[in-house]
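Engineer: One file: target_9.tsv (TSV, C-alpha atoms).
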```tsv
chain	number	residue	atom	x	y	z
A	1	MET	CA	153.10	-105.26	58.07
A	2	LYS	CA	155.87	-107.19	59.70
A	3	PHE	CA	156.52	-110.82	59.28
A	4	LYS	CA	159.72	-110.88	61.30
A	5	SER	CA	160.12	-113.59	63.89
A	6	LYS	CA	157.00	-115.21	62.49
A	7	LEU	CA	158.05	-118.65	63.53
A	8	ALA	CA	159.04	-117.65	67.03
A	9	SER	CA	155.84	-115.77	67.62
A	10	GLY	CA	153.86	-118.63	66.12
A	11	LEU	CA	155.36	-120.95	68.68
A	12	VAL	CA	154.69	-118.55	71.52
A	13	ILE	CA	151.09	-118.16	70.43
A	14	ALA	CA	150.66	-121.91	70.05
A	15	GLY	CA	151.92	-122.36	73.60
A	16	LEU	CA	149.70	-119.60	74.90
A	17	SER	CA	146.63	-120.89	73.15
A	18	ILE	CA	147.06	-124.26	74.78
A	19	MET	CA	147.15	-122.46	78.11
A	20	MET	CA	144.13	-120.37	77.22
A	21	SER	CA	142.01	-123.15	75.81
A	22	THR	CA	141.80	-124.78	79.19
A	23	SER	CA	139.77	-121.80	80.34
A	24	ALA	CA	137.74	-121.33	77.17
A	25	PHE	CA	134.38	-121.74	78.87
A	26	ALA	CA	134.55	-119.10	81.56
A	27	TRP	CA	133.91	-115.51	80.48
A	28	ASN	CA	137.12	-113.56	80.32
A	29	GLU	CA	139.39	-115.49	82.62
A	30	GLY	CA	142.74	-113.83	83.11
A	31	GLY	CA	146.10	-114.98	81.87
A	32	GLY	CA	147.53	-115.83	78.48
A	33	GLU	CA	148.18	-113.57	75.57
A	34	LYS	CA	145.61	-111.01	76.63
A	35	ASP	CA	147.34	-110.30	79.92
A	36	GLU	CA	150.68	-110.33	78.24
A	37	ALA	CA	149.59	-107.80	75.60
A	38	MET	CA	148.11	-105.55	78.23
A	39	HIS	CA	151.33	-105.29	80.20
A	40	LEU	CA	153.79	-104.75	77.37
A	41	THR	CA	155.07	-101.29	76.54
A	42	PRO	CA	153.48	-100.44	73.19
A	43	ASP	CA	155.41	-99.20	70.16
A	44	LEU	CA	153.18	-96.65	68.45
A	45	GLU	CA	155.16	-96.58	65.20
A	46	ASN	CA	154.86	-100.32	64.72
A	47	GLY	CA	151.21	-100.07	65.70
A	48	ARG	CA	150.63	-97.68	62.83
A	49	GLU	CA	152.27	-100.11	60.44
A	50	VAL	CA	150.20	-103.02	61.67
A	51	TYR	CA	147.05	-100.91	61.44
A	52	GLU	CA	147.49	-100.32	57.72
A	53	VAL	CA	145.88	-103.64	56.81
A	54	CYS	CA	143.02	-103.07	59.25
A	55	SER	CA	142.30	-99.74	57.58
A	56	ALA	CA	141.12	-101.48	54.41
A	57	CYS	CA	137.96	-102.43	56.29
A	58	HIS	CA	137.77	-100.26	59.39
A	59	TYR	CA	138.95	-97.13	57.50
A	60	PRO	CA	142.18	-95.22	58.24
A	61	GLU	CA	140.15	-93.23	60.78
A	62	GLY	CA	138.95	-96.40	62.53
A	63	TRP	CA	135.36	-95.27	62.02
A	64	GLY	CA	133.91	-98.40	60.40
A	65	THR	CA	130.88	-98.22	58.14
A	66	GLU	CA	127.46	-96.81	58.89
A	67	ASP	CA	125.81	-99.94	57.48
A	68	GLY	CA	127.31	-101.73	60.45
A	69	THR	CA	129.37	-104.28	58.54
A	70	PHE	CA	132.59	-102.92	60.02
A	71	PRO	CA	132.41	-101.50	63.54
A	72	GLN	CA	134.00	-98.28	64.68
A	73	LEU	CA	137.18	-99.07	66.62
A	74	ALA	CA	138.15	-95.49	67.51
A	75	GLY	CA	137.30	-94.62	71.10
A	76	GLN	CA	137.16	-98.22	72.28
A	77	TYR	CA	139.26	-99.14	75.33
A	78	ARG	CA	142.55	-100.94	74.83
A	79	ALA	CA	141.49	-103.74	77.17
A	80	VAL	CA	138.29	-104.34	75.21
A	81	LEU	CA	140.08	-104.29	71.85
A	82	ILE	CA	142.67	-106.75	73.08
A	83	LYS	CA	140.04	-109.07	74.48
A	84	GLN	CA	138.01	-109.02	71.27
A	85	LEU	CA	141.06	-109.62	69.09
A	86	ALA	CA	142.21	-112.46	71.30
A	87	ASP	CA	138.68	-113.94	71.23
A	88	ILE	CA	138.47	-113.71	67.43
A	89	ARG	CA	141.91	-115.30	67.16
A	90	GLU	CA	140.86	-118.09	69.52
A	91	ARG	CA	137.62	-118.63	67.55
A	92	ASN	CA	135.79	-117.72	70.69
A	93	ARG	CA	133.92	-115.06	68.71
A	94	ASP	CA	133.00	-115.98	65.12
A	95	ASN	CA	134.20	-113.49	62.57
A	96	PRO	CA	135.05	-115.32	59.35
A	97	THR	CA	135.70	-112.09	57.45
A	98	MET	CA	138.28	-110.82	59.87
A	99	TYR	CA	139.67	-114.09	61.14
A	100	PRO	CA	142.72	-114.09	58.82
A	101	PHE	CA	143.67	-110.64	60.07
A	102	ALA	CA	143.55	-111.61	63.70
A	103	LEU	CA	146.02	-114.43	63.17
A	104	PRO	CA	149.57	-114.11	64.43
A	105	GLU	CA	150.79	-114.53	60.81
A	106	SER	CA	149.15	-111.24	59.89
A	107	ILE	CA	149.22	-109.16	63.07
A	108	GLY	CA	152.20	-110.66	64.88
A	109	ASP	CA	152.73	-111.62	68.50
A	110	ALA	CA	151.34	-110.18	71.74
A	111	GLN	CA	153.67	-107.19	71.30
A	112	ALA	CA	152.11	-106.35	67.92
A	113	LEU	CA	148.68	-106.71	69.44
A	114	ALA	CA	149.63	-104.21	72.12
A	115	ASP	CA	151.08	-101.89	69.45
A	116	VAL	CA	148.09	-101.83	67.10
A	117	VAL	CA	145.67	-101.33	69.95
A	118	GLU	CA	147.74	-98.41	71.23
A	119	TYR	CA	147.61	-96.88	67.78
A	120	ILE	CA	143.83	-97.29	67.55
A	121	SER	CA	143.48	-95.59	70.91
A	122	THR	CA	145.02	-92.41	69.45
A	123	LEU	CA	142.22	-92.05	66.88
A	124	PRO	CA	139.40	-89.57	67.53
A	125	MET	CA	135.85	-90.88	67.17
A	126	ASN	CA	133.39	-90.45	64.32
A	127	PRO	CA	131.16	-87.44	65.07
A	128	ASP	CA	128.48	-88.84	62.75
A	129	ASN	CA	127.89	-92.47	63.71
A	130	GLY	CA	124.99	-94.44	62.23
A	131	LYS	CA	121.81	-93.89	64.26
A	132	GLY	CA	118.48	-95.61	64.72
A	133	GLN	CA	115.30	-94.14	63.26
A	134	TRP	CA	113.70	-92.60	66.38
A	135	ALA	CA	114.76	-89.06	67.26
A	136	GLU	CA	114.66	-87.63	70.75
A	137	GLY	CA	111.06	-86.82	71.74
A	138	THR	CA	109.50	-89.90	70.15
A	139	ALA	CA	107.85	-92.52	72.36
A	140	GLU	CA	110.31	-95.15	71.15
A	141	PHE	CA	113.30	-93.00	72.11
A	142	THR	CA	111.88	-92.47	75.58
A	143	GLN	CA	111.11	-96.14	76.05
A	144	GLY	CA	114.62	-97.02	74.82
A	145	LYS	CA	116.12	-94.69	77.40
A	146	LYS	CA	114.06	-96.33	80.12
A	147	LEU	CA	115.15	-99.79	79.03
A	148	TYR	CA	118.74	-98.57	79.05
A	149	ASP	CA	118.50	-97.05	82.51
A	150	ASP	CA	116.91	-100.20	83.92
A	151	ASN	CA	119.09	-102.81	82.25
A	152	CYS	CA	122.40	-101.51	81.02
A	153	VAL	CA	123.74	-98.74	83.26
A	154	LYS	CA	125.33	-101.03	85.81
A	155	CYS	CA	127.74	-102.36	83.19
A	156	HIS	CA	127.87	-99.89	80.29
A	157	GLY	CA	127.61	-96.79	82.52
A	158	ASP	CA	125.15	-93.89	82.56
A	159	HIS	CA	126.13	-92.71	79.07
A	160	GLY	CA	127.42	-95.86	77.39
A	161	GLN	CA	131.00	-95.30	78.45
A	162	GLY	CA	131.53	-98.92	79.60
A	163	ASP	CA	134.27	-99.84	82.05
A	164	LYS	CA	137.82	-100.38	80.87
A	165	VAL	CA	138.91	-102.20	84.00
A	166	LYS	CA	136.15	-104.77	83.71
A	167	PHE	CA	136.38	-105.17	79.91
A	168	TYR	CA	132.87	-103.73	79.46
A	169	PRO	CA	132.83	-102.12	76.02
A	170	ARG	CA	132.15	-98.49	75.39
A	171	ILE	CA	129.02	-98.42	73.23
A	172	GLU	CA	128.23	-94.68	72.93
A	173	GLY	CA	129.06	-93.42	69.42
A	174	GLN	CA	129.00	-96.91	67.86
A	175	HIS	CA	126.99	-97.56	64.68
A	176	TYR	CA	123.37	-98.55	65.25
A	177	LYS	CA	123.34	-101.46	62.82
A	178	TYR	CA	126.52	-102.98	64.18
A	179	MET	CA	125.22	-102.82	67.75
A	180	LEU	CA	121.85	-104.21	66.76
A	181	ARG	CA	123.51	-107.26	65.20
A	182	GLN	CA	125.77	-107.84	68.21
A	183	PHE	CA	122.92	-107.38	70.66
A	184	GLU	CA	120.79	-109.89	68.80
A	185	TRP	CA	123.68	-112.37	68.64
A	186	ILE	CA	124.34	-111.93	72.35
A	187	ARG	CA	120.66	-112.41	73.19
A	188	ASP	CA	120.33	-115.47	70.96
A	189	GLY	CA	123.60	-117.09	72.04
A	190	LYS	CA	125.37	-116.67	68.70
A	191	ARG	CA	128.16	-114.50	70.08
A	192	ARG	CA	129.96	-117.04	72.13
A	193	ASN	CA	132.25	-114.73	74.09
A	194	ALA	CA	129.27	-112.78	75.44
A	195	ASN	CA	129.07	-111.91	79.09
A	196	PRO	CA	126.67	-114.42	80.71
A	197	ASP	CA	125.22	-111.78	83.02
A	198	MET	CA	124.35	-109.59	80.06
A	199	VAL	CA	122.71	-112.57	78.35
A	200	LYS	CA	120.55	-113.10	81.44
A	201	GLN	CA	119.71	-109.42	81.67
A	202	ILE	CA	118.41	-109.15	78.11
A	203	LYS	CA	116.85	-112.59	77.71
A	204	ALA	CA	113.28	-111.24	77.76
A	205	PHE	CA	113.95	-108.40	75.27
A	206	SER	CA	111.65	-108.49	72.22
A	207	ASP	CA	112.99	-107.37	68.83
A	208	LYS	CA	111.24	-104.03	69.31
A	209	ASP	CA	112.78	-103.57	72.78
A	210	MET	CA	116.13	-104.29	71.27
A	211	GLN	CA	115.68	-101.72	68.50
A	212	MET	CA	114.50	-99.10	70.98
A	213	VAL	CA	117.33	-99.54	73.44
A	214	ILE	CA	120.00	-99.59	70.72
A	215	ASN	CA	118.38	-96.59	69.04
A	216	TYR	CA	118.81	-94.75	72.31
A	217	VAL	CA	122.44	-95.84	72.68
A	218	SER	CA	123.24	-94.75	69.12
A	219	ARG	CA	121.92	-91.29	69.94
A	220	ILE	CA	123.84	-90.69	73.17
A	221	LYS	CA	126.01	-87.61	72.66
A	222	VAL	CA	129.68	-88.39	73.00
A	223	ASP	CA	131.90	-85.89	74.79
A	224	LYS	CA	133.29	-83.46	72.19
A	225	LYS	CA	136.86	-83.96	73.35
A	226	ASP	CA	136.73	-87.57	72.14
A	227	LEU	CA	135.36	-86.71	68.70
A	228	ALA	CA	137.13	-85.66	65.52
A	229	PRO	CA	136.61	-81.97	64.66
A	230	SER	CA	134.32	-82.87	61.73
A	231	LYS	CA	132.96	-85.84	59.87
A	232	ASP	CA	135.28	-84.97	57.00
A	233	TRP	CA	138.38	-85.37	59.15
A	234	LYS	CA	140.97	-87.61	57.53
A	235	ASN	CA	143.69	-89.51	59.32
A	236	PRO	CA	146.91	-87.79	58.21
A	237	ASP	CA	148.95	-90.95	58.85
A	238	PHE	CA	147.55	-92.59	55.71
A	239	ASP	CA	146.96	-91.23	52.23
B	240	MET	CA	109.11	-76.62	52.18
B	241	SER	CA	107.70	-77.45	48.75
B	242	LYS	CA	110.71	-75.80	47.15
B	243	LYS	CA	112.97	-78.01	49.23
B	244	LEU	CA	110.99	-81.08	48.26
B	245	ILE	CA	111.19	-80.29	44.56
B	246	LEU	CA	114.89	-79.67	44.90
B	247	SER	CA	115.49	-82.96	46.59
B	248	ILE	CA	113.39	-84.83	44.04
B	249	ALA	CA	115.47	-83.20	41.34
B	250	ALA	CA	118.62	-84.24	43.14
B	251	VAL	CA	117.43	-87.84	43.40
B	252	CYS	CA	116.52	-87.92	39.70
B	253	LEU	CA	119.87	-86.47	38.78
B	254	SER	CA	121.82	-88.90	40.88
B	255	THR	CA	119.97	-91.95	39.54
B	256	ALA	CA	120.44	-90.68	36.03
B	257	MET	CA	124.12	-90.19	36.75
B	258	GLY	CA	124.42	-93.56	38.42
B	259	SER	CA	123.44	-95.36	35.27
B	260	ALA	CA	125.02	-93.04	32.74
B	261	GLN	CA	128.35	-92.45	34.44
B	262	ALA	CA	130.83	-95.30	34.26
B	263	LEU	CA	131.60	-96.67	37.71
B	264	ASP	CA	135.22	-96.45	38.79
B	265	GLY	CA	136.27	-100.06	39.34
B	266	ALA	CA	139.64	-99.12	40.83
B	267	ALA	CA	138.02	-96.88	43.44
B	268	LEU	CA	135.36	-99.45	44.26
B	269	PHE	CA	138.00	-102.13	44.74
B	270	LYS	CA	139.73	-99.99	47.40
B	271	ASN	CA	136.64	-98.63	49.15
B	272	PRO	CA	135.86	-100.07	52.60
B	273	GLN	CA	132.24	-99.06	51.94
B	274	LYS	CA	132.31	-101.62	49.12
B	275	GLY	CA	133.75	-104.47	51.14
B	276	GLY	CA	137.44	-103.65	51.51
B	277	CYS	CA	138.57	-106.03	48.76
B	278	THR	CA	142.20	-104.92	49.08
B	279	ALA	CA	142.39	-106.17	52.66
B	280	CYS	CA	142.33	-109.76	51.44
B	281	HIS	CA	143.46	-109.55	47.84
B	282	GLY	CA	146.12	-106.83	48.22
B	283	LYS	CA	146.19	-103.31	46.82
B	284	ASP	CA	147.61	-104.65	43.55
B	285	ALA	CA	145.10	-107.54	43.48
B	286	LYS	CA	147.95	-110.02	43.41
B	287	SER	CA	149.40	-110.05	46.93
B	288	PRO	CA	146.71	-111.76	48.98
B	289	ILE	CA	146.88	-111.69	52.78
B	290	MET	CA	146.82	-115.48	53.00
B	291	PRO	CA	148.91	-117.58	50.65
B	292	MET	CA	145.94	-119.69	49.57
B	293	TYR	CA	143.73	-116.74	48.62
B	294	PRO	CA	143.39	-116.08	44.89
B	295	LYS	CA	145.30	-113.49	42.86
B	296	LEU	CA	142.86	-111.57	40.72
B	297	ALA	CA	144.98	-109.23	38.57
B	298	GLY	CA	144.73	-109.97	34.85
B	299	GLN	CA	142.03	-112.62	35.13
B	300	ASN	CA	139.35	-112.22	32.48
B	301	SER	CA	136.41	-110.07	33.37
B	302	ALA	CA	133.54	-112.41	32.55
B	303	TYR	CA	135.01	-115.16	34.71
B	304	LEU	CA	135.55	-112.79	37.65
B	305	LEU	CA	132.04	-111.43	37.39
B	306	GLN	CA	130.55	-114.91	37.41
B	307	GLN	CA	132.59	-115.88	40.49
B	308	LEU	CA	131.49	-112.73	42.29
B	309	LYS	CA	127.86	-113.47	41.53
B	310	ASP	CA	128.22	-117.08	42.66
B	311	ILE	CA	129.99	-116.14	45.89
B	312	LYS	CA	127.31	-113.56	46.62
B	313	SER	CA	124.42	-115.93	45.92
B	314	GLY	CA	126.02	-118.78	47.86
B	315	LYS	CA	126.28	-121.02	44.80
B	316	ARG	CA	130.05	-121.06	45.22
B	317	ASN	CA	130.67	-122.20	48.74
B	318	ASN	CA	133.80	-124.03	49.80
B	319	GLY	CA	135.80	-123.87	53.01
B	320	MET	CA	137.29	-120.49	52.12
B	321	THR	CA	134.31	-118.68	50.72
B	322	ALA	CA	132.94	-117.72	54.14
B	323	ALA	CA	135.67	-115.11	54.57
B	324	MET	CA	134.44	-113.14	51.58
B	325	LYS	CA	130.71	-113.89	51.77
B	326	GLY	CA	130.31	-111.55	54.74
B	327	ILE	CA	131.00	-108.44	52.65
B	328	MET	CA	129.19	-109.28	49.43
B	329	HIS	CA	126.00	-107.47	50.42
B	330	MET	CA	128.01	-104.26	49.99
B	331	VAL	CA	128.33	-104.52	46.17
B	332	ASN	CA	125.59	-104.69	43.52
B	333	ASP	CA	125.73	-106.19	40.03
B	334	ASP	CA	126.91	-103.02	38.30
B	335	GLU	CA	129.64	-102.51	40.84
B	336	MET	CA	130.79	-106.12	40.52
B	337	LYS	CA	130.95	-105.65	36.76
B	338	ALA	CA	133.01	-102.45	37.07
B	339	ILE	CA	135.43	-104.10	39.48
B	340	SER	CA	135.80	-107.16	37.23
B	341	ASP	CA	136.55	-104.95	34.23
B	342	TYR	CA	139.15	-103.09	36.25
B	343	LEU	CA	140.84	-106.25	37.54
B	344	ALA	CA	141.06	-107.61	34.00
B	345	THR	CA	143.12	-104.59	32.94
B	346	LEU	CA	145.83	-105.24	35.55
B	347	LYS	CA	149.07	-107.06	34.79
B	348	PRO	CA	148.99	-110.55	36.32
```
Take the structure in the file and give it back as structure tokens.
Structural biologist:
Amino acid sequence: MKFKSKLASGLVIAGLSIMMSTSAFAWNEGGGEKDEAMHLTPDLENGREVYEVCSACHYPEGWGTEDGTFPQLAGQYRAVLIKQLADIRERNRDNPTMYPFALPESIGDAQALADVVEYISTLPMNPDNGKGQWAEGTAEFTQGKKLYDDNCVKCHGDHGQGDKVKFYPRIEGQHYKYMLRQFEWIRDGKRRNANPDMVKQIKAFSDKDMQMVINYVSRIKVDKKDLAPSKDWKNPDFD
Amino acid sequence: MSKKLILSIAAVCLSTAMGSAQALDGAALFKNPQKGGCTACHGKDAKSPIMPMYPKLAGQNSAYLLQQLKDIKSGKRNNGMTAAMKGIMHMVNDDEMKAISDYLATLKP
């Protein structure tokens, strides 16, 4: 981890956060650190160094934990990762456990943000993500698919691929329990950076609807080229 | 089918028997993301915390550590900083907390 130019970057961030806080209430307004990070040329080597501390929770492979405490980061779009990190840093998305790691003192400036996100984007996805309880062929699976097709496709795509240009997260391959928690928080207004149109779309979802649709998402088959060769794959960059 | 069932029952029995008989590896638990990723905040050596105001743990006595872990998990200990750690405490049980505390107590402060 690098602490160089801590003061300078602290000042830059302070300035940026004043700029950003004026727009804190609209979903994903442009500008600020997020835009800056997105347009910098990333340094992969530094990204690997920054990622070391993240790996203590998200695993060196970026696969998170099946119990959903730590999400999988591998496979997620750079734009989405940057937005989420910036939101956590701005306290726009509550994450007390990770908050210290999103701070400029631990990650660094917008450049470091760009670097770590670039590094994460090189990681192949977990071929064995945590899944819901209803296998294909059950009534719940089928109903979940229907709910997905009717309510989610326009933003998260026909197979959960999301949309990197619009900051819509990729959700295929993510752990069931993590998604269930996020979905519930989005529905109930606890995740403050949520997309207001998604909130509207899922307002009427019962708990059972929620479990069925997320069960379906957790069972979407991710394209093999994005997956690690096996669930025992280890990231050779870390021991 | 029945053979498979018997086998898996045997496996379950074995693994529970092992779980209680075999000493848990506190060092491994302390570093395992599956068990909360303690090193992220407290440092790999348990004495270089990520934030200057977070506690160093190396060399502290085991009984004290164990009691703090239990209190943080139950919510009895709850100050402005506890929230950071509370979110991962569901990942460790009493035996694991004991093993980690014993391990931390063996480290040089």
Engineer: May I ask you to extract the residues of chain B within 6 Å of chain A, using only C-alpha atoms, and to give them as a PyMOL selection string?
Structural biologist: chain B and resi 272+276+279+323
Engineer: Produce a file of the selected residues containing C-alpha atoms, as a PDB file, keeping the file's coordinate frame.
Structural biologist:
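The result, written out as selection.pdb:
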```pdb
ATOM      1  CA  PRO B 272     135.860-100.070  52.600  1.00  0.00           C
ATOM      2  CA  GLY B 276     137.440-103.650  51.510  1.00  0.00           C
ATOM      3  CA  ALA B 279     142.390-106.170  52.660  1.00  0.00           C
ATOM      4  CA  ALA B 323     135.670-115.110  54.570  1.00  0.00           C
TER       5      ALA B 323
END
```
Engineer: Would you tabulate, counting all atoms listed in the file, all residues of range 54-164 of chain A that have an atom at most 9 Å from an atom of range 181-191 of chain A, showing the closest pair of atoms and their distance in Å to one decimal, sorted by chain then ascending number, as CSV?
Structural biologist:
```
residue,atom,partner,partner_atom,distance
A:Gly68,CA,A:Arg181,CA,8.2
A:Asn92,CA,A:Arg191,CA,8.3
A:Arg93,CA,A:Arg191,CA,5.9
A:Asp94,CA,A:Arg191,CA,7.1
```
Engineer: Since we have the selection now, will you write its residues out, keeping C-alpha atoms, as an mmCIF file, in the coordinates of the input?
Structural biologist:
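So result02.cif came out as:
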```cif
data_model
loop_
_atom_site.group_PDB
_atom_site.id
_atom_site.type_symbol
_atom_site.label_atom_id
_atom_site.label_comp_id
_atom_site.auth_asym_id
_atom_site.auth_seq_id
_atom_site.Cartn_x
_atom_site.Cartn_y
_atom_site.Cartn_z
ATOM 1 C CA GLY A 68 127.310 -101.730 60.450
ATOM 2 C CA ASN A 92 135.790 -117.720 70.690
ATOM 3 C CA ARG A 93 133.920 -115.060 68.710
ATOM 4 C CA ASP A 94 133.000 -115.980 65.120
#
```
Engineer: Can you list, as a list in words, every protein, DNA or RNA residue that comes within 10 Å of Ile107 in chain A when you count only C-alpha atoms, leaving out same-chain residues fewer than 2 positions away?
Structural biologist: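 Skipping anything fewer than 2 positions along the chain leaves Met1, Lys2, Phe3, Lys6, Gly47, Glu49, Val50, Tyr51, Val53, Cys54, Pro100, Phe101, Ala102, Leu103, Pro104, Glu105, Asp109, Ala110, Gln111, Ala112, Leu113, Asp115 and Val116 of chain A.
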Engineer: Could you write out the selected residues, including C-alpha atoms, as a PDB file, in the coordinates of the input?
Structural biologist:
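Done, and the output landed in part38.pdb:
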```
ATOM      1  CA  MET A   1     153.100-105.260  58.070  1.00  0.00           C
ATOM      2  CA  LYS A   2     155.870-107.190  59.700  1.00  0.00           C
ATOM      3  CA  PHE A   3     156.520-110.820  59.280  1.00  0.00           C
ATOM      4  CA  LYS A   6     157.000-115.210  62.490  1.00  0.00           C
ATOM      5  CA  GLY A  47     151.210-100.070  65.700  1.00  0.00           C
ATOM      6  CA  GLU A  49     152.270-100.110  60.440  1.00  0.00           C
ATOM      7  CA  VAL A  50     150.200-103.020  61.670  1.00  0.00           C
ATOM      8  CA  TYR A  51     147.050-100.910  61.440  1.00  0.00           C
ATOM      9  CA  VAL A  53     145.880-103.640  56.810  1.00  0.00           C
ATOM     10  CA  CYS A  54     143.020-103.070  59.250  1.00  0.00           C
ATOM     11  CA  PRO A 100     142.720-114.090  58.820  1.00  0.00           C
ATOM     12  CA  PHE A 101     143.670-110.640  60.070  1.00  0.00           C
ATOM     13  CA  ALA A 102     143.550-111.610  63.700  1.00  0.00           C
ATOM     14  CA  LEU A 103     146.020-114.430  63.170  1.00  0.00           C
ATOM     15  CA  PRO A 104     149.570-114.110  64.430  1.00  0.00           C
ATOM     16  CA  GLU A 105     150.790-114.530  60.810  1.00  0.00           C
ATOM     17  CA  ASP A 109     152.730-111.620  68.500  1.00  0.00           C
ATOM     18  CA  ALA A 110     151.340-110.180  71.740  1.00  0.00           C
ATOM     19  CA  GLN A 111     153.670-107.190  71.300  1.00  0.00           C
ATOM     20  CA  ALA A 112     152.110-106.350  67.920  1.00  0.00           C
ATOM     21  CA  LEU A 113     148.680-106.710  69.440  1.00  0.00           C
ATOM     22  CA  ASP A 115     151.080-101.890  69.450  1.00  0.00           C
ATOM     23  CA  VAL A 116     148.090-101.830  67.100  1.00  0.00           C
TER      24      VAL A 116
END
```
Engineer: Within 7 Å of range 312-316 of chain B, counting all atoms listed in the file, which residues show up once you throw out same-chain ones fewer than 3 positions away? Write them as a PyMOL selection string, please.
Structural biologist: chain B and resi 308-309+325+328
Engineer: So that each row is one residue of range 36-155 of chain A with an atom at most 10 Å from range 195-215 of chain A, can you give its shortest atom pair and the distance in Å to one decimal, using all atoms listed in the file, rows by chain and rising number, as CSV?
Structural biologist:
```
residue,atom,partner,partner_atom,distance
A:Gly130,CA,A:Asn215,CA,9.7
A:Lys131,CA,A:Asn215,CA,6.5
A:Gly132,CA,A:Asn215,CA,4.4
A:Gln133,CA,A:Asn215,CA,7.0
A:Trp134,CA,A:Asn215,CA,6.7
A:Ala135,CA,A:Asn215,CA,8.5
A:Glu136,CA,A:Asn215,CA,9.9
A:Ala139,CA,A:Met212,CA,9.5
A:Glu140,CA,A:Met212,CA,5.8
A:Phe141,CA,A:Met212,CA,6.3
A:Thr142,CA,A:Met212,CA,8.5
A:Gln143,CA,A:Met212,CA,6.8
A:Gly144,CA,A:Val213,CA,3.9
A:Lys145,CA,A:Val213,CA,6.4
A:Lys146,CA,A:Val213,CA,8.1
A:Leu147,CA,A:Val213,CA,6.0
A:Tyr148,CA,A:Val213,CA,5.9
A:Asp149,CA,A:Val213,CA,9.5
A:Asp150,CA,A:Gln201,CA,9.9
A:Asn151,CA,A:Gln201,CA,6.7
A:Cys152,CA,A:Met198,CA,8.4
A:Cys155,CA,A:Met198,CA,8.6
```
Engineer: Go ahead and compute the interatomic distance for CA of Gly30 in chain A and CA of His175 in chain A, in Å to one decimal.
Structural biologist: 29.2 Å
Engineer: Have a look at CA of Phe238 in chain A and CA of Arg48 in chain A and let me know their distance in Å, one decimal.
Structural biologist: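 Computing the Euclidean distance for CA of Phe238 in chain A and CA of Arg48 in chain A yields 9.3 Å.
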Engineer: Can you work out which one of A:Ile220, A:Ala37, A:Ala114, A:Met125 has the shortest atom-to-atom distance to Gln72 in chain A, counting only C-alpha atoms?
Structural biologist: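 For Gln72 in chain A, the nearest of the candidates is A:Met125.
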Engineer: Quick one: residues within 12 Å of (129.4, -94.8, 48.7) (file frame), counting only C-alpha atoms, please, as a PyMOL selection string.
Structural biologist: (chain A and resi 65-67) or (chain B and resi 258+263-264+267-275+330-332+335)
